[in-house]
Amino acid sequence: MKQTSNDEHVESTTARFDQTDVDAIPALLLTADQELKVRAVSDLWLHRFDFRRSELIGTSLLSLVHPESRSHMGEMFRRASLGTQIVGTVCDLATRRGERIETQWTVRPQALDRKGVAQCFIAVVTELTTQREAEKQLWDIHIRHSLALRASGVGIWEWRVPEDKWLWDDQMYRLYGISAKHESRIPDIWINAVHPEDRKTATSSLEDALAARQKIETEYRVRWPDGAVRHLRGVVRVLRNEGGKAIRLIGTAWDVTSQREIQEALRNSNERLELVLEGTSAGVWDQPDLGRPEEFWSSRFFDLLGYNLGEIPANRQTFLSLVHPEDRPRYELAYNTRLKDDGRFAIDCRLLRKDGIYRWFSILAHSKQQQDKTTRVAGSIQDVHSRRIAEQALDESIQRYELVIRGSKAGIWEWRRHGDGSLYWSPGLYEILGADPSIVQPSVEDFLGLIHPDDLVHFRTTLMRHLMSDSDLDMEIRVRTSRGYRWVRCSGQASRDSRGRAVRLAGSLLDIHPEKTALEDVVRSNEELDQFAYIASHDLREPLRGILNYAEFLNEDYGEALEGEGKDYLNRIQILTKRLEGYLDALLYYSRLGRTEEQHEPVDGNQVLGEILEEYDHKIRERNVEIVAHPLPVCVGDHLRLRLILTNLIQNAIRYNDKPTPRVEIGCLDPESTPTFYVRDNGIGIEERQLELIFTVFRRLHPKDHKWGDGNGVGLSLVKKAVERGGGRVWVESTPGVGSTFYFRVCDGIARRHGIAA
């Protein structure tokens, strides 16, 4: 049952007294409101002073008092309005016939408000000749009042100060958990039962009551004999004599333990809620009355938006102004529709912070429904900007990944070695295998069954090596598809646990059958071409030698008989035959260059250059060539091919030079990394449009009858093929009339492939 406050009880009691009791009281009694207007008056009063009730109700109480007593009467009620009971004050009343009657007034203030100001008064007037009868009637009223208080569980006590006499009713003993027959003195019972931590507060309330002129309210704990602790709340009033000395203290007390327990539970619940909210870094908002614009925003709510507590108005209009314009329709739709449908919604939207930056927040709302009507809305906000940015980046990454997969036409697979051991195939992989996803369920055993028997050992070995040592998982195998066996490239990577065990593999399967078969055709075609070139050049050498020999025989035996054009024709036959033989030699070497095995060994560039310069020393002296040779590094490559490259480049530098003193410079750039050799001359140079043509086999830049047209057009093509055969690259920079510089790398790919620093 709800415990009413003392003020509510007194007011209720006073109201009942006005309505039902005044007529029944055989006393000169009336009640007045705060403005001293009469509210009720007893029949005895009407009879004694010869008034009708209608003449008194609503009239000023001062109009009933003899003019000489009105100021005294006003002071008496002023003191009573402050909560002080006025006893034994003498005033003269006037009857209807003008008689002056001496009376003694007892005024009790009633219905004190929270500030202790009386809202109404009960006045008992006693003719001095009938004082004893009036006191009896007043005591009856007190008894009825006490009974009403006891019915509500309120205990009443009294302390008659001059006599130091204490009185407790039965309810007071029950509030302290003891019998009314307890033999101890009431002050001892009281002080011993009060909780030690509250004794100072309890005793101070009595001292304050003795000193003050208004009621004192206090709350304290008492400990029952069985150890139970109860919370009591009490009100103390003091009665004073005309000299202002306290003569009686009257108090009430009632049990508020259940209220305290509820308050404590609520406080603990609020503390838990605050701790939970602090732990989740969420800001809380509450709209307790949808008819009012004001809302509650927690301090964390303001903090998340970059504001101090209360810096901006906490209402829905302010919140809507912070929502990003693009997100506002979604938010209002959720608030107005979804909140009514199921009483809750959760949505992510951007909110404008104080610093002018929009950040993503997750907004959660719940509503309270009564009779299908939303009466209250509350929720929280939480910063999820980092999560949203990460999700956006992930989405973009997935989109890029899907585009790459679609563009590469690769199939994706995933194998979880532990757990369920499941195998995943992407739609692209099913397409490569020509399998129906609704029929074929991927499994390791099924995939092994698709591998060509000749490639199965290679597949298992490569896979186990990767699982054990994290070596490359990249192989070309044949798998059985709906179109027969096809070449595929299988690549993947293992994910490992803390102990280094491969727990998951993922990779791709790419159909390379067209490229693989095309490459095999190219290799086979090149082999046939090399073989044809070798056979053709070898077989053509014999008839050419015969023609040259017979031409020499004719010249020796019949040269003197030939004259004019005959002699010239014979000489031309010899020249053309030797030239064709040179072409065949070059063609034979060119074909051999493609078929010979590349040697990978340390090659001393200085040694190779020394051999070349020694071999061509006579020609160098003859042309007065200036040779500038810089130190060359030791690199990994093929000795014969490096000599071939340098020989052809040096020969060209000497041959195509129109300067009185030809100059040839041989050196190397970046010898500590991948070396780049160069051969630089001060010759005739090459036009820019012809720079790419010079490496074409049998391609000459000048006609045969030109000053520079005596070459066969094979030298630079041999250089290009030799360089590229070794995994390198050759290029030229040239200025006509100034000279040319040929650059080449012969160890570029080889050095990296073998892990050897060139």
# chains A, B, ... in the order shown; residues from 1 in each chain; ligands from 1

call {"tool": "residues_around", "arguments": {"residues": "Thr252 of chain A", "least_positions_apart": "2", "cutoff": "8 Å", "atoms": "only C-alpha atoms", "output": "CSV table (one decimal) with C-alpha atoms, in the first residue's frame"}}
result
chain,number,residue,atom,x,y,z
A,154,VAL,CA,1.6,5.8,11.9
A,155,GLY,CA,2.8,5.7,15.5
A,156,ILE,CA,2.2,8.7,17.9
A,157,TRP,CA,4.4,9.7,20.7
A,234,GLY,CA,9.2,10.9,11.7
A,235,VAL,CA,7.7,14.4,12.2
A,236,VAL,CA,8.0,16.4,15.4
A,250,ILE,CA,4.2,15.6,19.8
A,254,TRP,CA,6.0,5.4,10.2

call {"tool": "residues_around", "arguments": {"residues": "Pro437 of chain A", "least_positions_apart": "5", "cutoff": "10 Å", "atoms": "only C-alpha atoms", "output": "list of chain:residue names"}}
result
A:Trp425, A:Ser426, A:Pro427, A:Leu429, A:Tyr430, A:Glu431, A:Pro442

call {"tool": "residues_around", "arguments": {"residues": "segment 310-315 of chain A", "least_positions_apart": "3", "cutoff": "8 Å", "atoms": "only C-alpha atoms", "output": "PyMOL selection string"}}
result
chain A and resi 293-297+302+307+318-319

call {"tool": "write_last_selection", "arguments": {"atoms": "N, CA and C atoms", "output": "PDB file, in the first residue's frame"}}
result
ATOM      1  N   PRO A 293       8.784  19.354 -26.559  1.00  0.00           N
ATOM      2  CA  PRO A 293       9.987  19.266 -27.404  1.00  0.00           C
ATOM      3  C   PRO A 293      11.237  18.844 -26.652  1.00  0.00           C
ATOM      4  N   GLU A 294      11.264  19.033 -25.322  1.00  0.00           N
ATOM      5  CA  GLU A 294      12.489  18.771 -24.575  1.00  0.00           C
ATOM      6  C   GLU A 294      12.814  17.281 -24.543  1.00  0.00           C
ATOM      7  N   GLU A 295      14.100  16.974 -24.625  1.00  0.00           N
ATOM      8  CA  GLU A 295      14.606  15.606 -24.508  1.00  0.00           C
ATOM      9  C   GLU A 295      15.719  15.579 -23.477  1.00  0.00           C
ATOM     10  N   PHE A 296      16.069  14.370 -23.070  1.00  0.00           N
ATOM     11  CA  PHE A 296      17.258  14.173 -22.231  1.00  0.00           C
ATOM     12  C   PHE A 296      18.377  13.615 -23.093  1.00  0.00           C
ATOM     13  N   TRP A 297      19.528  14.265 -23.069  1.00  0.00           N
ATOM     14  CA  TRP A 297      20.741  13.756 -23.727  1.00  0.00           C
ATOM     15  C   TRP A 297      21.796  13.566 -22.655  1.00  0.00           C
ATOM     16  N   PHE A 302      26.462  14.322 -25.813  1.00  0.00           N
ATOM     17  CA  PHE A 302      27.066  15.592 -26.228  1.00  0.00           C
ATOM     18  C   PHE A 302      28.525  15.393 -26.624  1.00  0.00           C
ATOM     19  N   TYR A 307      30.381  18.417 -28.353  1.00  0.00           N
ATOM     20  CA  TYR A 307      29.870  19.544 -27.584  1.00  0.00           C
ATOM     21  C   TYR A 307      30.028  19.293 -26.091  1.00  0.00           C
ATOM     22  N   THR A 318      16.807  19.893 -33.019  1.00  0.00           N
ATOM     23  CA  THR A 318      18.264  20.039 -33.081  1.00  0.00           C
ATOM     24  C   THR A 318      18.904  18.798 -33.672  1.00  0.00           C
ATOM     25  N   PHE A 319      18.421  17.636 -33.221  1.00  0.00           N
ATOM     26  CA  PHE A 319      19.005  16.386 -33.717  1.00  0.00           C
ATOM     27  C   PHE A 319      18.799  16.239 -35.222  1.00  0.00           C
TER      28      PHE A 319
END

call {"tool": "closest_residue", "arguments": {"among": "A:Leu46, A:Ile654, A:Val161, A:Leu232", "to": "Arg248 of chain A", "atoms": "only C-alpha atoms"}}
result
A:Val161

call {"tool": "closest_atom_pairs", "arguments": {"of": "segment 608-656 of chain A", "to": "segment 672-676 of chain A", "cutoff": "9 Å", "atoms": "only C-alpha atoms", "output": "JSON lines"}}
result
{"residue": "A:Leu632", "atom": "CA", "partner": "A:Pro675", "partner_atom": "CA", "distance": 9.0}
{"residue": "A:Pro633", "atom": "CA", "partner": "A:Pro675", "partner_atom": "CA", "distance": 7.6}
{"residue": "A:Cys635", "atom": "CA", "partner": "A:Pro675", "partner_atom": "CA", "distance": 7.9}

call {"tool": "closest_residue", "arguments": {"among": "A:Asp170, A:Glu556, A:Asp208, A:Asp33", "to": "Ala111 of chain A", "atoms": "only C-alpha atoms"}}
result
A:Asp33

call {"tool": "closest_residue", "arguments": {"among": "A:Thr31, A:Thr257, A:Asn682, A:Asn648", "to": "Glu626 of chain A", "atoms": "only C-alpha atoms"}}
result
A:Asn682

call {"tool": "residues_around", "arguments": {"residues": "Ala118 of chain A", "least_positions_apart": "5", "cutoff": "9 Å", "atoms": "only C-alpha atoms", "output": "PDB file with all heavy atoms, in the first residue's frame"}}
result
ATOM      1  N   ASP A  33      -9.711  29.571   6.884  1.00  0.00           N
ATOM      2  CA  ASP A  33      -8.663  29.313   5.884  1.00  0.00           C
ATOM      3  C   ASP A  33      -7.488  30.242   6.111  1.00  0.00           C
ATOM      4  O   ASP A  33      -7.430  30.964   7.133  1.00  0.00           O
ATOM      5  CB  ASP A  33      -9.225  29.452   4.465  1.00  0.00           C
ATOM      6  CG  ASP A  33      -9.792  30.824   4.200  1.00  0.00           C
ATOM      7  OD1 ASP A  33      -9.480  31.780   4.972  1.00  0.00           O
ATOM      8  OD2 ASP A  33     -10.541  30.958   3.216  1.00  0.00           O
ATOM      9  N   GLN A  34      -6.551  30.243   5.164  1.00  0.00           N
ATOM     10  CA  GLN A  34      -5.305  31.013   5.310  1.00  0.00           C
ATOM     11  C   GLN A  34      -5.598  32.513   5.390  1.00  0.00           C
ATOM     12  O   GLN A  34      -4.859  33.268   6.003  1.00  0.00           O
ATOM     13  CB  GLN A  34      -4.363  30.704   4.132  1.00  0.00           C
ATOM     14  CG  GLN A  34      -2.954  31.233   4.312  1.00  0.00           C
ATOM     15  CD  GLN A  34      -2.067  30.835   3.153  1.00  0.00           C
ATOM     16  OE1 GLN A  34      -2.556  30.490   2.103  1.00  0.00           O
ATOM     17  NE2 GLN A  34      -0.761  30.891   3.370  1.00  0.00           N
ATOM     18  N   ALA A  80       0.413  31.539  14.495  1.00  0.00           N
ATOM     19  CA  ALA A  80      -0.082  30.188  14.237  1.00  0.00           C
ATOM     20  C   ALA A  80       0.201  29.752  12.799  1.00  0.00           C
ATOM     21  O   ALA A  80       0.408  28.566  12.520  1.00  0.00           O
ATOM     22  CB  ALA A  80      -1.581  30.123  14.522  1.00  0.00           C
ATOM     23  N   SER A  81       0.208  30.726  11.866  1.00  0.00           N
ATOM     24  CA  SER A  81       0.468  30.360  10.466  1.00  0.00           C
ATOM     25  C   SER A  81       1.871  29.819  10.266  1.00  0.00           C
ATOM     26  O   SER A  81       2.149  29.151   9.273  1.00  0.00           O
ATOM     27  CB  SER A  81       0.258  31.584   9.567  1.00  0.00           C
ATOM     28  OG  SER A  81       1.263  32.565   9.826  1.00  0.00           O
ATOM     29  N   LEU A  82       2.766  30.098  11.206  1.00  0.00           N
ATOM     30  CA  LEU A  82       4.144  29.602  11.118  1.00  0.00           C
ATOM     31  C   LEU A  82       4.285  28.224  11.728  1.00  0.00           C
ATOM     32  O   LEU A  82       5.399  27.730  11.899  1.00  0.00           O
ATOM     33  CB  LEU A  82       5.099  30.577  11.810  1.00  0.00           C
ATOM     34  CG  LEU A  82       5.132  31.989  11.228  1.00  0.00           C
ATOM     35  CD1 LEU A  82       6.079  32.873  12.014  1.00  0.00           C
ATOM     36  CD2 LEU A  82       5.546  31.940   9.764  1.00  0.00           C
ATOM     37  N   GLY A  83       3.175  27.596  12.036  1.00  0.00           N
ATOM     38  CA  GLY A  83       3.219  26.229  12.523  1.00  0.00           C
ATOM     39  C   GLY A  83       3.204  26.131  14.026  1.00  0.00           C
ATOM     40  O   GLY A  83       3.422  25.057  14.575  1.00  0.00           O
ATOM     41  N   PRO A 109      -2.667  25.251  13.921  1.00  0.00           N
ATOM     42  CA  PRO A 109      -2.424  25.360  12.459  1.00  0.00           C
ATOM     43  C   PRO A 109      -2.558  23.977  11.815  1.00  0.00           C
ATOM     44  O   PRO A 109      -2.146  22.974  12.378  1.00  0.00           O
ATOM     45  CB  PRO A 109      -0.990  25.877  12.370  1.00  0.00           C
ATOM     46  CG  PRO A 109      -0.352  25.427  13.633  1.00  0.00           C
ATOM     47  CD  PRO A 109      -1.429  25.410  14.693  1.00  0.00           C
ATOM     48  N   GLN A 110      -3.130  23.922  10.638  1.00  0.00           N
ATOM     49  CA  GLN A 110      -3.343  22.656   9.938  1.00  0.00           C
ATOM     50  C   GLN A 110      -2.825  22.755   8.493  1.00  0.00           C
ATOM     51  O   GLN A 110      -2.696  23.843   7.918  1.00  0.00           O
ATOM     52  CB  GLN A 110      -4.848  22.309   9.918  1.00  0.00           C
ATOM     53  CG  GLN A 110      -5.431  22.024  11.285  1.00  0.00           C
ATOM     54  CD  GLN A 110      -4.861  20.752  11.893  1.00  0.00           C
ATOM     55  OE1 GLN A 110      -4.821  19.718  11.258  1.00  0.00           O
ATOM     56  NE2 GLN A 110      -4.418  20.833  13.142  1.00  0.00           N
ATOM     57  N   ALA A 111      -2.574  21.562   7.919  1.00  0.00           N
ATOM     58  CA  ALA A 111      -2.186  21.441   6.487  1.00  0.00           C
ATOM     59  C   ALA A 111      -1.003  22.336   6.160  1.00  0.00           C
ATOM     60  O   ALA A 111      -1.050  23.190   5.280  1.00  0.00           O
ATOM     61  CB  ALA A 111      -3.379  21.760   5.584  1.00  0.00           C
ATOM     62  N   LEU A 112       0.081  22.135   6.927  1.00  0.00           N
ATOM     63  CA  LEU A 112       1.289  22.907   6.621  1.00  0.00           C
ATOM     64  C   LEU A 112       1.836  22.498   5.255  1.00  0.00           C
ATOM     65  O   LEU A 112       1.879  21.318   4.913  1.00  0.00           O
ATOM     66  CB  LEU A 112       2.348  22.671   7.691  1.00  0.00           C
ATOM     67  CG  LEU A 112       1.976  23.080   9.135  1.00  0.00           C
ATOM     68  CD1 LEU A 112       3.147  22.839  10.049  1.00  0.00           C
ATOM     69  CD2 LEU A 112       1.524  24.527   9.206  1.00  0.00           C
ATOM     70  N   ASP A 113       2.283  23.495   4.492  1.00  0.00           N
ATOM     71  CA  ASP A 113       2.922  23.148   3.212  1.00  0.00           C
ATOM     72  C   ASP A 113       4.382  22.798   3.452  1.00  0.00           C
ATOM     73  O   ASP A 113       4.826  22.705   4.612  1.00  0.00           O
ATOM     74  CB  ASP A 113       2.779  24.291   2.198  1.00  0.00           C
ATOM     75  CG  ASP A 113       3.421  25.594   2.696  1.00  0.00           C
ATOM     76  OD1 ASP A 113       4.232  25.519   3.660  1.00  0.00           O
ATOM     77  OD2 ASP A 113       3.123  26.657   2.133  1.00  0.00           O
TER      78      ASP A 113
END

call {"tool": "residues_around", "arguments": {"residues": "Ser386 of chain A", "least_positions_apart": "6", "cutoff": "12 Å", "atoms": "only C-alpha atoms", "output": "list in words"}}
result
Arg359, Trp360, Phe361, Ser362, Gln392 and Ala393 of chain A

call {"tool": "closest_residue", "arguments": {"among": "A:Ala410, A:Leu423, A:Ala193, A:Val377", "to": "Ile178 of chain A", "atoms": "only C-alpha atoms"}}
result
A:Ala193

call {"tool": "atom_distance", "arguments": {"atom1": "atom CA of Arg376 of chain A", "atom2": "atom CA of Arg353 of chain A"}}
result
26.2 Å
